[in-house]
Amino acid sequence: MNGSWMIFIPVIAPFLAGFVLSQLRFEERRKREIYCTISVGVNTLLSLLMISLFRGEYVTLVRFTEKLSFSLRIDGFGAVFGTMVALLWFVTTIYAFEYMKHEGRENIFFSFFLMSYGVVMGIAFSANLMTLYIFYEMLTLFTFPLVIHAMGARDRHAGKLYLVYSMLGAALAFMGLIFVHQYGYSLDFTPGGVLNLELIGEKTELLQLIFVMTFFGFGVKAAVFPFWKWLPGASVAPTPVTALLHAVAVVKSGVFAVGRSIYFIFGSSFLAGTWAQDVTMLFAAITIVMGSAMALATPHFKRRLAYSTISNLSYILFAFTLMSPAGFVAGTLHMLAHAVIKITLFFCAGAVLYKTSREFIWQLDGMGRKMPIVFGCFTICSLGLMGVPPLAGFSSKWAIGVAAAACDSPMAIVGTAALIISALLTACYLFAVILRAYFPLNGFDYNSLAKVKDPNWLMTVPLVVLTGASLVLAAGMSPLSQWLATVAAGL
Amino acid sequence: MASGLLVIALFLPLFTGLTAGDMRKAGRTFRRYIVWLLSFEVLAVLALVIGGQGTVLPLLKVAGGLQLVLRVDAMGSLFAVVFSIIWLLVAVFGFEYMAHEGKSQRFYLFYICTLSALIGVCFAANMATLYMFFEMMALLTVPLIIHSGTEDSYMATLKYLGYSIFGAGLGLLGIFFLAPYGGIGSFVAGGNLDPALLAGHEELALAMYFVAIIGFGCKAGLLPLHAWLPTAHPVAPSPASAVLSGIITKAGVLAILRMTYFVFPAELLRGSWVQAALLILAICTVFTGSMLAYKEKLLKRRLAYSTVSQVSYVLFGIFLLHPVALLGALLQFIYHALAKNILFLSAGAIIMKTHHTTVDKFSGLGRRMPLMMGAFTVASLSLVGIPPCGGFVSKWYLCVGALDSATPLIGMVGMVVLMVSALLTAGYLLPLVIAAFFPGRDVEVKRDLLPESMSVPLVILALLVVCLGLGAGWLAQPLNAIVATLFA
């Protein structure tokens, strides 16, 4: 179609907007807010427009060799991921205006925040493994300044960890890139995979090993065991970053890339039933339980949520490693459900932090009555994450469980058992917060919270909108899964 | 019309709870409002049960080819009627008690909303719907246990929550792995699993059935996940422990019933290792529960252990897969629900009047509060199984079924354990009754009657225990009709 080159706009425009912002140095907060709202808002609209208009168009910007090119194409999977990111980015921007007031250095923050937007849209729209890899590397670089934003010793340490782990992951993924280049028809994402089985011949074992390396390479961003350590550390970043990047954009880019390599590069039929599948499923299962257990053991509010993210990301990885269309659908559903829910939970933790500077769970006694909107949203989303039916987290977990039951590998039982154990732990670590907030022990003095109240609309509106979105998502799970099933039909 | 009734039956308690919980004062208006609306709820359930059999109400479609649907059937009706009537009576009893305990509105908010979840459990048309309401029930009862706000109640709540979620999770695991064989479809008397799909996977299916039963058995106090009962009951306010013990455990029973007779084909279970294992577990639970109750000095914890034991009578009858035993199980479900509520409410009355929580303070209570102690006596006799109280009939059928079942050896052992347990039950309940009525000469007792709103529900429950015991033959007819459909 004419004009399909325009899908580059939502990828490149944020870079320009971010660069301009860094040069303009707004003195007035209000002007910067308007500038950011417009840039992000327009870009979100453009992204959604591109997703609806140019589905399936293959657009090349630079061609290096016959197989290697820098190209974009929006397919079903990318459309889901792109829509999710675009919508959440806008909401987070609104939230960040208020929140960043107490963090300072907002100009530099919003510059990189804008640029990261472009990178993540690039990941969503990548047409081949090469492009995905380039954006994946860029993602590390552009989000690094956001992690170390406060510039304290803790932040720099966290930043260093983040950088080291990400580079390690990228290196592993690069190995995958080279081998796929060698043994595949092309690098383009193709449902069912691109491997040339004749060329591989006897070397299936080797290629399976390469898949496992790729899995862990991209899995670093998804915080899969044993590469999870950077994520809880990175929760020192300002809340909008932990909420959007470390619960949605960055970590889900890792998950997205894993999904791409399983279903669109290596091909589920090549991997299903092999040792590579068992190994990856096992590691996902380990991460599921470990993340939840660590969350329960962590008294720090935001870090507890970060561990919870680790666990939930591996739900998605586990679903993807089922190597079946049902697994793909289930994983994608959980990707969406977790994104909406976890970003809300982080926003709640951020709101508490912003209003009261309380960071730990034991400081939350009685807050439920003082911050009704924040904790109301927190409770609804917690129930969703725990998988209380009929909320969003239940539907996706149900889909994962049913998909796992249909999988022949004994690891499917291990993984499903891990899901159940994790559900128990999830209930414990979230209910510990809810019970404290709503049912303080006898003799609790509400006067100690006299000054605590809900934050202003810039923070509460995103919270309420997101909570509403999680309910809408729950109601729309059925048509959504049907549509995803058509996307998955070719896998 | 009938589906409208089903909507009312499902949502009326939720509405009542939310509006009543929002009232400023827990005074006369509050009480009247709750009594009227809950009475209306009972009527709605009765009307639905009589005139609306087979009504289907789809709620929501979920990912993974799953529908949340309600359907009124005979088995669910039985449970719904018992649940809603007892719920109303306990609510009435609770007014005075909770005025003493404080924070009435909060208590009634969650207490009444829980009934919605229970009605959902009763009328769920498939395992997923049942699981949904089961979880809701578990979560809605959490505030009831944490009510007093002490450190103990906080820890007990976490324990309850952990057991509930883990138990329901195991149930869900079972459901997941039965899904490929049709296990998530609508309930069908005689099992909804597709034998053609099941062929070759029987072992996995049996194992998953076992896992699911252990999971749902958590709510019913089945070993090894029974430990939440003795922790949660003593800390909860008495109306809450009464329904936790008498009703919530029965939701676990219903889930197990559904799994055993409506999902799994009985012929696959009969004679399998799973049946033997579950029967042995149930027998062990009956014995252990009674033994622990006998040793326990704290009244409410003694009653909690008693529940562990008594509910496993029901489970024993279910796992025998025999029509007569199942009839006994259903009768035992009804009698135990009534009797155990009486006992816990009496315990509450004693706590309110005397502030004593142990079993050695019963001396003279019979003269102090004769109606309450009378009801207590009737309930005790029923639990022990002395005619004409109901418990005798149910145990009779259980034993007959056990001897006639396909596993006579385990059945025989079970019968012996039932007898031993009856003896222990007598040992841990009757001394209290004796001390209450025959305190000896040197004890001075003054009359200290309970308010009517507390004694009347107790008397009604006690009358029900006696009447349904005397009229067991009449009661057995509709139950036999239900049982007959399952063994067609």
# chains A, B, ... in the order shown; residues from 1 in each chain; ligands from 1
call {"tool": "interface_residues", "arguments": {"of": "chain B", "to": "chain A", "cutoff": "10 Å", "atoms": "only C-alpha atoms", "output": "MDAnalysis selection string"}}
result
chainID B and resid 59:68 128:129 131:136 139 142:143 146:154 157:159 161:181 184
call {"tool": "residues_around", "arguments": {"residues": "Leu16 of chain A", "least_positions_apart": "4", "cutoff": "10 Å", "atoms": "only C-alpha atoms", "output": "NGL selection string"}}
result
:A and (11-12 or 20-22 or 39 or 111 or 114-115 or 118)
call {"tool": "write_last_selection", "arguments": {"atoms": "C-alpha atoms", "output": "tab-separated table (two decimals), in the first residue's frame"}}
result
chain	number	residue	atom	x	y	z
A	11	VAL	CA	9.66	4.59	15.74
A	12	ILE	CA	11.79	7.57	14.77
A	20	VAL	CA	14.69	18.38	20.96
A	21	LEU	CA	13.54	18.25	24.56
A	22	SER	CA	17.09	17.70	25.78
A	39	SER	CA	4.65	14.26	21.69
A	111	SER	CA	14.25	13.13	27.06
A	114	LEU	CA	10.64	9.74	25.02
A	115	MET	CA	13.50	8.12	23.15
A	118	GLY	CA	10.71	4.84	19.94
call {"tool": "residues_around", "arguments": {"residues": "Ser380 of chain B", "least_positions_apart": "6", "cutoff": "8 Å", "atoms": "only C-alpha atoms", "output": "list in words"}}
result
Ala339, Leu343, Ala426, Leu429 and Leu430 of chain B
call {"tool": "write_last_selection", "arguments": {"atoms": "N, CA and C atoms", "output": "mmCIF file, in the first residue's frame"}}
result
data_model
loop_
_atom_site.group_PDB
_atom_site.id
_atom_site.type_symbol
_atom_site.label_atom_id
_atom_site.label_comp_id
_atom_site.auth_asym_id
_atom_site.auth_seq_id
_atom_site.Cartn_x
_atom_site.Cartn_y
_atom_site.Cartn_z
ATOM 1 N N ALA B 339 -26.239 -29.011 63.637
ATOM 2 C CA ALA B 339 -25.734 -29.237 64.986
ATOM 3 C C ALA B 339 -24.493 -28.389 65.255
ATOM 4 N N LEU B 343 -23.680 -25.606 68.221
ATOM 5 C CA LEU B 343 -22.593 -25.688 69.193
ATOM 6 C C LEU B 343 -21.742 -24.422 69.183
ATOM 7 N N ALA B 426 -18.971 -38.638 72.208
ATOM 8 C CA ALA B 426 -19.692 -38.626 73.477
ATOM 9 C C ALA B 426 -18.765 -38.179 74.592
ATOM 10 N N LEU B 429 -18.222 -34.284 74.342
ATOM 11 C CA LEU B 429 -19.359 -33.369 74.422
ATOM 12 C C LEU B 429 -20.241 -33.591 75.655
ATOM 13 N N LEU B 430 -20.508 -34.836 75.965
ATOM 14 C CA LEU B 430 -21.489 -35.085 77.027
ATOM 15 C C LEU B 430 -21.045 -34.620 78.415
#
call {"tool": "select_by_dssp", "arguments": {"residues": "segment 54-228 of chain B", "states": "alpha helix (DSSP H)", "output": "PyMOL selection string"}}
result
chain B and resi 74-101+104-123+127-145+151-178+195-198+202-217+228
call {"tool": "closest_atom_pairs", "arguments": {"of": "segment 180-245 of chain A", "to": "segment 334-341 of chain A", "cutoff": "12 Å", "atoms": "only C-alpha atoms", "output": "CSV"}}
result
residue,atom,partner,partner_atom,distance
A:Ala222,CA,A:Met335,CA,11.4
A:Ala243,CA,A:Ala339,CA,9.2
A:Leu244,CA,A:Ala339,CA,8.5
A:Leu245,CA,A:Ala339,CA,10.2
call {"tool": "residues_around", "arguments": {"residues": "Leu193 of chain B", "least_positions_apart": "6", "cutoff": "8 Å", "atoms": "only C-alpha atoms", "output": "MDAnalysis selection string"}}
result
chainID B and resid 178 181:183 263:265
call {"tool": "closest_residue", "arguments": {"among": "A:Val289, A:Val224, A:Ala349, A:Ile9", "to": "Met121 of chain A", "atoms": "only C-alpha atoms"}}
result
A:Ile9
